[in-house]
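Participant: My structure is stored as input.json, with JSON, C-alpha atoms and all ligand atoms.
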```json
[["chain", "number", "residue", "atom", "x", "y", "z"],
["A", 1, "MET", "CA", 106.33, 68.21, 140.24],
["A", 2, "GLN", "CA", 109.45, 70.13, 139.33],
["A", 3, "VAL", "CA", 110.45, 73.36, 141.09],
["A", 4, "LEU", "CA", 111.64, 76.02, 138.68],
["A", 5, "PRO", "CA", 113.91, 78.81, 139.85],
["A", 6, "THR", "CA", 113.69, 82.15, 138.02],
["A", 7, "HIS", "CA", 116.77, 83.92, 136.64],
["A", 8, "ASN", "CA", 118.06, 85.03, 140.04],
["A", 9, "GLY", "CA", 116.67, 82.09, 141.93],
["A", 10, "ALA", "CA", 114.64, 84.39, 144.18],
["A", 11, "ASN", "CA", 111.19, 83.06, 143.33],
["A", 12, "THR", "CA", 110.12, 79.53, 142.56],
["A", 13, "LYS", "CA", 107.15, 78.15, 140.68],
["A", 14, "GLU", "CA", 105.94, 74.64, 140.19],
["A", 15, "CYS", "CA", 105.50, 73.14, 136.81],
["A", 16, "PRO", "CA", 104.44, 69.70, 135.51],
["A", 17, "PRO", "CA", 107.01, 67.52, 133.69],
["A", 18, "LEU", "CA", 108.00, 68.88, 130.31],
["A", 19, "GLY", "CA", 107.96, 67.85, 126.67],
["A", 20, "LYS", "CA", 110.92, 68.84, 124.54],
["A", 21, "LEU", "CA", 112.74, 72.14, 124.71],
["A", 22, "ILE", "CA", 115.39, 72.97, 122.14],
["A", 23, "VAL", "CA", 117.87, 75.77, 122.67],
["A", 24, "LEU", "CA", 119.82, 77.19, 119.76],
["A", 25, "THR", "CA", 122.71, 79.40, 120.79],
["A", 26, "GLY", "CA", 125.98, 80.79, 119.42],
["A", 27, "PRO", "CA", 127.56, 84.19, 118.79],
["A", 28, "SER", "CA", 125.67, 87.08, 117.24],
["A", 29, "GLY", "CA", 125.99, 87.03, 113.46],
["A", 30, "VAL", "CA", 126.74, 83.30, 113.18],
["A", 31, "GLY", "CA", 123.42, 82.73, 111.39],
["A", 32, "LYS", "CA", 121.13, 81.45, 114.17],
["A", 33, "GLY", "CA", 118.13, 83.49, 113.05],
["A", 34, "THR", "CA", 118.53, 82.55, 109.39],
["A", 35, "LEU", "CA", 118.92, 78.86, 110.25],
["A", 36, "MET", "CA", 115.94, 79.02, 112.61],
["A", 37, "ASN", "CA", 113.73, 80.60, 109.95],
["A", 38, "GLU", "CA", 114.58, 77.82, 107.53],
["A", 39, "ILE", "CA", 113.89, 75.13, 110.13],
["A", 40, "LEU", "CA", 110.54, 76.75, 111.00],
["A", 41, "ARG", "CA", 109.66, 77.02, 107.30],
["A", 42, "ARG", "CA", 110.32, 73.29, 106.87],
["A", 43, "TYR", "CA", 108.68, 72.22, 110.14],
["A", 44, "PRO", "CA", 105.71, 74.48, 110.92],
["A", 45, "GLU", "CA", 104.76, 72.14, 113.76],
["A", 46, "LEU", "CA", 107.70, 73.47, 115.79],
["A", 47, "HIS", "CA", 106.80, 76.31, 118.15],
["A", 48, "TYR", "CA", 109.19, 79.27, 118.22],
["A", 49, "SER", "CA", 109.36, 81.13, 121.51],
["A", 50, "VAL", "CA", 109.14, 84.86, 120.73],
["A", 51, "SER", "CA", 111.36, 86.69, 123.23],
["A", 52, "ALA", "CA", 110.89, 90.11, 124.75],
["A", 53, "THR", "CA", 113.62, 92.69, 124.24],
["A", 54, "THR", "CA", 114.42, 96.31, 125.02],
["A", 55, "ARG", "CA", 116.37, 96.59, 121.73],
["A", 56, "SER", "CA", 114.85, 98.78, 119.02],
["A", 57, "PRO", "CA", 113.41, 96.94, 116.02],
["A", 58, "ARG", "CA", 115.69, 96.56, 112.99],
["A", 59, "PRO", "CA", 114.21, 97.47, 109.61],
["A", 60, "GLY", "CA", 111.77, 94.72, 108.65],
["A", 61, "GLU", "CA", 111.40, 93.25, 112.13],
["A", 62, "ILE", "CA", 107.79, 92.79, 113.24],
["A", 63, "ASN", "CA", 106.60, 93.27, 116.81],
["A", 64, "GLY", "CA", 105.16, 89.98, 118.11],
["A", 65, "LYS", "CA", 106.84, 87.93, 115.38],
["A", 66, "ASN", "CA", 110.57, 88.55, 115.70],
["A", 67, "TYR", "CA", 110.41, 89.90, 119.24],
["A", 68, "ASN", "CA", 108.04, 91.59, 121.63],
["A", 69, "PHE", "CA", 109.68, 95.02, 121.65],
["A", 70, "ILE", "CA", 109.17, 96.62, 125.06],
["A", 71, "SER", "CA", 110.62, 99.44, 127.14],
["A", 72, "ARG", "CA", 113.18, 98.89, 129.89],
["A", 73, "GLY", "CA", 110.52, 99.82, 132.45],
["A", 74, "GLN", "CA", 108.14, 97.18, 131.08],
["A", 75, "PHE", "CA", 110.99, 94.64, 131.03],
["A", 76, "GLU", "CA", 111.88, 95.33, 134.65],
["A", 77, "LYS", "CA", 108.26, 94.93, 135.66],
["A", 78, "LEU", "CA", 108.09, 91.51, 133.96],
["A", 79, "VAL", "CA", 111.29, 90.48, 135.78],
["A", 80, "THR", "CA", 109.78, 91.51, 139.12],
["A", 81, "GLN", "CA", 106.58, 89.63, 138.33],
["A", 82, "GLY", "CA", 108.59, 86.45, 137.59],
["A", 83, "GLU", "CA", 107.30, 86.29, 134.02],
["A", 84, "PHE", "CA", 110.64, 85.23, 132.53],
["A", 85, "LEU", "CA", 112.03, 81.69, 132.45],
["A", 86, "GLU", "CA", 115.39, 83.34, 131.85],
["A", 87, "TRP", "CA", 116.67, 86.73, 130.87],
["A", 88, "ALA", "CA", 120.03, 88.35, 130.19],
["A", 89, "GLU", "CA", 121.65, 91.60, 129.21],
["A", 90, "PHE", "CA", 123.40, 91.48, 125.86],
["A", 91, "ALA", "CA", 125.31, 94.29, 124.14],
["A", 92, "GLY", "CA", 123.45, 96.96, 126.11],
["A", 93, "ASN", "CA", 119.91, 95.56, 125.83],
["A", 94, "CYS", "CA", 117.79, 93.10, 127.81],
["A", 95, "TYR", "CA", 116.37, 89.92, 126.29],
["A", 96, "GLY", "CA", 114.09, 87.40, 127.98],
["A", 97, "THR", "CA", 112.08, 84.24, 127.40],
["A", 98, "LEU", "CA", 108.51, 84.60, 128.59],
["A", 99, "ARG", "CA", 107.15, 81.68, 130.60],
["A", 100, "ALA", "CA", 103.89, 81.96, 128.70],
["A", 101, "ALA", "CA", 105.70, 81.67, 125.35],
["A", 102, "VAL", "CA", 107.08, 78.28, 126.35],
["A", 103, "LEU", "CA", 105.43, 76.30, 129.10],
["A", 104, "ASN", "CA", 101.90, 75.94, 127.70],
["A", 105, "HIS", "CA", 103.32, 74.67, 124.44],
["A", 106, "VAL", "CA", 105.75, 72.23, 126.04],
["A", 107, "GLN", "CA", 103.01, 70.92, 128.28],
["A", 108, "ALA", "CA", 100.85, 70.42, 125.19],
["A", 109, "GLY", "CA", 103.61, 68.13, 123.87],
["A", 110, "GLN", "CA", 105.03, 70.50, 121.24],
["A", 111, "LEU", "CA", 108.70, 70.90, 120.37],
["A", 112, "VAL", "CA", 109.57, 74.42, 121.47],
["A", 113, "VAL", "CA", 112.62, 76.22, 120.10],
["A", 114, "LEU", "CA", 114.45, 79.06, 121.88],
["A", 115, "GLU", "CA", 117.08, 81.10, 120.04],
["A", 116, "ILE", "CA", 119.00, 82.80, 122.84],
["A", 117, "GLU", "CA", 122.48, 83.91, 123.94],
["A", 118, "LEU", "CA", 124.92, 82.05, 126.19],
["A", 119, "ALA", "CA", 123.85, 83.16, 129.70],
["A", 120, "GLY", "CA", 120.19, 82.42, 128.93],
["A", 121, "ALA", "CA", 121.05, 79.07, 127.34],
["A", 122, "ARG", "CA", 122.98, 78.09, 130.47],
["A", 123, "GLN", "CA", 120.06, 79.12, 132.64],
["A", 124, "ILE", "CA", 117.56, 77.08, 130.60],
["A", 125, "ARG", "CA", 119.82, 74.01, 130.72],
["A", 126, "HIS", "CA", 120.14, 74.41, 134.46],
["A", 127, "THR", "CA", 116.37, 74.73, 134.95],
["A", 128, "PHE", "CA", 115.42, 72.04, 132.42],
["A", 129, "PRO", "CA", 118.25, 69.49, 132.26],
["A", 130, "SER", "CA", 116.49, 67.51, 129.51],
["A", 131, "THR", "CA", 116.81, 70.42, 127.06],
["A", 132, "LEU", "CA", 118.46, 69.65, 123.74],
["A", 133, "SER", "CA", 121.11, 72.35, 123.39],
["A", 134, "ILE", "CA", 122.67, 73.21, 120.05],
["A", 135, "PHE", "CA", 125.64, 75.55, 119.65],
["A", 136, "ILE", "CA", 126.20, 77.16, 116.24],
["A", 137, "LEU", "CA", 129.84, 78.00, 115.41],
["A", 138, "PRO", "CA", 131.20, 80.17, 112.60],
["A", 139, "PRO", "CA", 133.79, 78.67, 110.23],
["A", 140, "SER", "CA", 136.22, 81.37, 111.48],
["A", 141, "PHE", "CA", 136.20, 84.56, 113.51],
["A", 142, "ALA", "CA", 136.93, 86.58, 110.35],
["A", 143, "GLU", "CA", 133.83, 85.11, 108.69],
["A", 144, "LEU", "CA", 131.75, 85.92, 111.79],
["A", 145, "GLU", "CA", 132.84, 89.56, 111.60],
["A", 146, "LYS", "CA", 132.09, 89.59, 107.86],
["A", 147, "ARG", "CA", 128.56, 88.29, 108.52],
["A", 148, "ILE", "CA", 127.79, 90.80, 111.28],
["A", 149, "ARG", "CA", 129.00, 93.63, 109.07],
["A", 150, "GLY", "CA", 127.32, 92.15, 105.99],
["A", 151, "ARG", "CA", 124.00, 92.06, 107.83],
["A", 152, "GLY", "CA", 124.38, 95.85, 107.89],
["A", 153, "GLN", "CA", 121.92, 96.39, 110.72],
["A", 154, "ASP", "CA", 124.04, 97.19, 113.76],
["A", 155, "ALA", "CA", 125.89, 100.39, 114.67],
["A", 156, "GLU", "CA", 129.69, 100.17, 114.84],
["A", 157, "LYS", "CA", 129.73, 100.25, 118.66],
["A", 158, "ASP", "CA", 127.21, 97.39, 118.76],
["A", 159, "ILE", "CA", 129.29, 95.38, 116.29],
["A", 160, "SER", "CA", 132.38, 95.75, 118.55],
["A", 161, "ARG", "CA", 130.40, 94.71, 121.63],
["A", 162, "ARG", "CA", 129.00, 91.69, 119.82],
["A", 163, "LEU", "CA", 132.41, 90.59, 118.53],
["A", 164, "GLN", "CA", 133.96, 90.98, 121.98],
["A", 165, "ARG", "CA", 131.22, 88.87, 123.48],
["A", 166, "ALA", "CA", 131.57, 86.31, 120.66],
["A", 167, "GLU", "CA", 135.00, 85.23, 121.89],
["A", 168, "GLU", "CA", 133.59, 84.36, 125.31],
["A", 169, "GLU", "CA", 130.61, 82.59, 123.75],
["A", 170, "ILE", "CA", 132.67, 80.48, 121.35],
["A", 171, "ALA", "CA", 134.90, 79.38, 124.25],
["A", 172, "ALA", "CA", 131.78, 77.86, 125.88],
["A", 173, "ALA", "CA", 130.74, 75.76, 122.88],
["A", 174, "ASN", "CA", 131.83, 72.47, 124.49],
["A", 175, "GLU", "CA", 129.19, 72.85, 127.22],
["A", 176, "PHE", "CA", 126.45, 72.10, 124.70],
["A", 177, "ASP", "CA", 125.01, 68.79, 123.46],
["A", 178, "VAL", "CA", 125.59, 69.37, 119.75],
["A", 179, "LYS", "CA", 128.04, 71.71, 117.99],
["A", 180, "ILE", "CA", 127.36, 72.67, 114.39],
["A", 181, "ILE", "CA", 129.60, 74.79, 112.14],
["A", 182, "ASN", "CA", 127.48, 77.05, 109.97],
["A", 183, "ASP", "CA", 129.75, 77.14, 106.93],
["A", 184, "ASP", "CA", 127.65, 75.58, 104.18],
["A", 185, "PHE", "CA", 124.11, 76.70, 105.05],
["A", 186, "GLU", "CA", 122.28, 73.63, 103.71],
["A", 187, "GLN", "CA", 124.65, 71.30, 105.55],
["A", 188, "ALA", "CA", 124.08, 73.20, 108.81],
["A", 189, "VAL", "CA", 120.29, 72.96, 108.37],
["A", 190, "LYS", "CA", 120.63, 69.19, 107.82],
["A", 191, "GLU", "CA", 122.68, 68.83, 111.00],
["A", 192, "ILE", "CA", 120.09, 70.75, 113.02],
["A", 193, "GLU", "CA", 117.33, 68.55, 111.57],
["A", 194, "LYS", "CA", 119.32, 65.47, 112.57],
["A", 195, "ALA", "CA", 119.86, 66.76, 116.12],
["A", 196, "ILE", "CA", 116.17, 67.54, 116.58],
["A", 197, "PHE", "CA", 114.51, 64.59, 114.89],
["A", 198, "GLU", "CA", 116.89, 61.60, 115.08],
["A", 201, "LIG", "P1", 122.33, 85.66, 114.21],
["A", 201, "LIG", "O1", 120.85, 85.42, 114.29],
["A", 201, "LIG", "O2", 123.14, 84.51, 114.72],
["A", 201, "LIG", "O3", 122.75, 86.96, 114.81],
["A", 201, "LIG", "P2", 121.78, 86.04, 111.36],
["A", 201, "LIG", "O4", 120.86, 84.89, 111.10],
["A", 201, "LIG", "O5", 121.21, 87.41, 111.42],
["A", 201, "LIG", "O6", 122.69, 85.76, 112.66],
["A", 201, "LIG", "O7", 122.89, 85.97, 110.20],
["A", 201, "LIG", "C1", 123.91, 86.96, 110.06],
["A", 201, "LIG", "C2", 124.24, 87.10, 108.58],
["A", 201, "LIG", "O8", 124.93, 85.92, 108.12],
["A", 201, "LIG", "C3", 123.01, 87.27, 107.69],
["A", 201, "LIG", "O9", 123.28, 88.26, 106.71],
["A", 201, "LIG", "C4", 122.84, 85.89, 107.04],
["A", 201, "LIG", "O10", 122.24, 85.97, 105.77],
["A", 201, "LIG", "C5", 124.30, 85.42, 106.93],
["A", 201, "LIG", "N1", 124.46, 83.95, 106.93],
["A", 201, "LIG", "C6", 123.80, 83.03, 107.68],
["A", 201, "LIG", "N2", 124.25, 81.79, 107.43],
["A", 201, "LIG", "C7", 125.23, 81.91, 106.50],
["A", 201, "LIG", "C8", 126.09, 80.97, 105.83],
["A", 201, "LIG", "N3", 126.04, 79.65, 106.07],
["A", 201, "LIG", "N4", 126.99, 81.46, 104.94],
["A", 201, "LIG", "C9", 127.07, 82.79, 104.69],
["A", 201, "LIG", "N5", 126.28, 83.74, 105.28],
["A", 201, "LIG", "C10", 125.37, 83.29, 106.20],
["A", 202, "LIG", "P1", 119.81, 90.37, 118.37],
["A", 202, "LIG", "O1", 119.86, 91.73, 118.97],
["A", 202, "LIG", "O2", 120.95, 90.15, 117.38],
["A", 202, "LIG", "O3", 118.46, 90.00, 117.82],
["A", 202, "LIG", "O4", 120.06, 89.33, 119.55],
["A", 202, "LIG", "C1", 121.20, 89.43, 120.36],
["A", 202, "LIG", "C2", 121.38, 88.13, 121.12],
["A", 202, "LIG", "O5", 120.30, 87.97, 122.04],
["A", 202, "LIG", "C3", 121.36, 86.89, 120.22],
["A", 202, "LIG", "O6", 122.43, 86.04, 120.60],
["A", 202, "LIG", "C4", 120.04, 86.25, 120.51],
["A", 202, "LIG", "O7", 120.07, 84.85, 120.35],
["A", 202, "LIG", "C5", 119.85, 86.63, 121.96],
["A", 202, "LIG", "N1", 118.48, 86.51, 122.46],
["A", 202, "LIG", "C6", 117.32, 86.70, 121.77],
["A", 202, "LIG", "N2", 116.26, 86.47, 122.57],
["A", 202, "LIG", "C7", 116.74, 86.13, 123.78],
["A", 202, "LIG", "C8", 116.14, 85.74, 125.03],
["A", 202, "LIG", "O8", 114.92, 85.66, 125.19],
["A", 202, "LIG", "N3", 116.98, 85.47, 126.06],
["A", 202, "LIG", "C9", 118.34, 85.54, 125.94],
["A", 202, "LIG", "N4", 119.05, 85.23, 127.01],
["A", 202, "LIG", "N5", 118.93, 85.87, 124.78],
["A", 202, "LIG", "C10", 118.16, 86.16, 123.71]]
```
For this file, produce the structure as structure tokens.
Ligand code: ADP
Ligand code: 5GP

Facilitator:
Amino acid sequence: MQVLPTHNGANTKECPPLGKLIVLTGPSGVGKGTLMNEILRRYPELHYSVSATTRSPRPGEINGKNYNFISRGQFEKLVTQGEFLEWAEFAGNCYGTLRAAVLNHVQAGQLVVLEIELAGARQIRHTFPSTLSIFILPPSFAELEKRIRGRGQDAEKDISRRLQRAEEEIAAANEFDVKIINDDFEQAVKEIEKAIFE
């Protein structure tokens, strides 16, 4: 039996040995969500862990599919109850991976994919050392900025926060098992497929 610390290490829970966890991380705007959607379209057998967040939904985002959109009060309650495998604050909002969204599926032998930011990715790797961790890099910082702006869904102050954070995130890329540059989209999808299935 493995002992799993929560985010702050205050509580512990026991959990049977795990199947395969895959963490996809990288700076905001690099294309993680778009790549993930394509991978999930091609491989419906993969299970995507839907995170909880205090961020407001963007146009087109669906509660329960893209995220579980909850209030800060609800988020804090889940933290206190130890319901998160990891959580982090990012650009003014909280994001967390729900235990229930992951462990049952891993224990059932499924491949479970988490698309999360750096602090959460580090936490998951610490808790589950056998995790396959993939870091997505932009071809350049200028292209990253272009993509965040091109997405057209974040306020200017959020864009600045995300770009500031991106520098720190990119500097941590070498910590991860596989680094993939998302320049040509199809090529990046192929490299993710290779990392997961070969
Ligand atoms: P993230 O989930 O990492 O924040 P998104 O998946 O929302 O990023 O992608 C940000 C923007 O970049 C989107 O408009 C998306 O269509 C675009 N994008 C993703 N991959 C590429 C690529 N290889 N080349 C050009 N634009 C891309
Ligand atoms: P966005 O607001 O652009 O959807 O997400 C902002 C950042 O939060 C992204 O880097 C995304 O990967 C990350 N994120 C999404 N869900 C989680 C989560 O459950 N935990 C952590 N730590 N980060 C998450």

Participant: Skipping near chain neighbours, those fewer than 3 positions away, what residues fall within 10 Å of segment 87-89 of chain A using all atoms listed in the file, listed as a ChimeraX atom specification?

Facilitator: /A:6-8,51-54,75,79,83-84,92-98,116-121,123-124

Participant: Which polymer residues, protein or nucleic acid, are no farther than 12 Å from (105.9, 99.8, 124.1), counting only C-alpha atoms, as number ranges by chain?

Facilitator: A: 52-57, 63-64, 67-75

Participant: Quick check, in Å to one decimal: how far apart do atom CA of Asp177 of chain A and atom CA of Phe135 of chain A lie?

Facilitator: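 One can read the atom CA of Asp177 of chain A to atom CA of Phe135 of chain A distance as 7.8 Å.
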
Participant: Using atom N2 of ligand LIG 201 (chain A) and atom CA of Val50 of chain A as the two end points, give the distance in Å to one decimal.

Facilitator: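 About the pair atom N2 of ligand LIG 201 (chain A) and atom CA of Val50 of chain A: they are 20.4 Å apart.
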
Participant: Write out as a ChimeraX atom specification each polymer residue (protein, DNA or RNA) that has an atom no more than 9 Å from ligand LIG 201 (chain A), with all atoms listed in the file counted.

Facilitator: /A:25-37,115,136,138-139,143-144,146-152,181-188

Participant: Given the choices A:Lys20, A:Arg162, A:His105, A:Arg125, which gets closest to ligand LIG 202 (chain A) if the distance is worked out from all atoms listed in the file?

Facilitator: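 Smallest separation from ligand LIG 202 (chain A) among the options: A:Arg162.
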
Participant: Of the residues A:Ile196, A:Ile180, A:Val102, A:Leu46, which is the one nearest to ligand LIG 202 (chain A), using all atoms listed in the file?

Facilitator: A:Val102

Participant: Could you check how far atom CA of Lys157 of chain A sits from atom CA of Ala91 of chain A, in Å to one decimal?

Facilitator: 9.2 Å

Participant: Calculated over all atoms listed in the file, which of the candidates A:Glu45, A:Glu191, A:Glu198, A:Glu169 has the smallest distance to Val113 of chain A?

Facilitator: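 Closest residue, counting all atoms listed in the file: A:Glu45.
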
Participant: Box along x, y and z, 5 Å on every side, all listed atoms of ligand LIG 202 (chain A) inside: centre and edge lengths in Å to one decimal, as lines of an AutoDock Vina configuration file.

Facilitator:
```
center_x = 118.7
center_y = 88.3
center_z = 122.2
size_x = 17.5
size_y = 16.9
size_z = 19.6
```

Participant: The residues within 12 Å of (103.1, 70.9, 125.0), using all atoms listed in the file and the coordinates of the file, should be reported as number ranges by chain; which are they?

Facilitator: A: 16-21, 45-47, 100-113

Participant: When distances are computed from all atoms listed in the file, which of A:Lys77, A:Asn174, A:Asp154, A:Glu38 shows the smallest separation from ligand LIG 202 (chain A)?

Facilitator: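 Of the candidates, the smallest distance to ligand LIG 202 (chain A) is held by A:Asp154.
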
Participant: From the list A:Arg58, A:Lys194, A:His126, A:Lys65, which residue is nearest ligand LIG 202 (chain A) when using only C-alpha atoms and all ligand atoms?

Facilitator: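 Using only C-alpha atoms and all ligand atoms, the shortest distance to ligand LIG 202 (chain A) belongs to A:Arg58.
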
Participant: I'd like to know which of A:Ile39, A:Leu85, A:Leu78, A:Ala195 is closest to ligand LIG 202 (chain A), using all atoms listed in the file.

Facilitator: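 Distance minimum relative to ligand LIG 202 (chain A) lands on A:Leu85.
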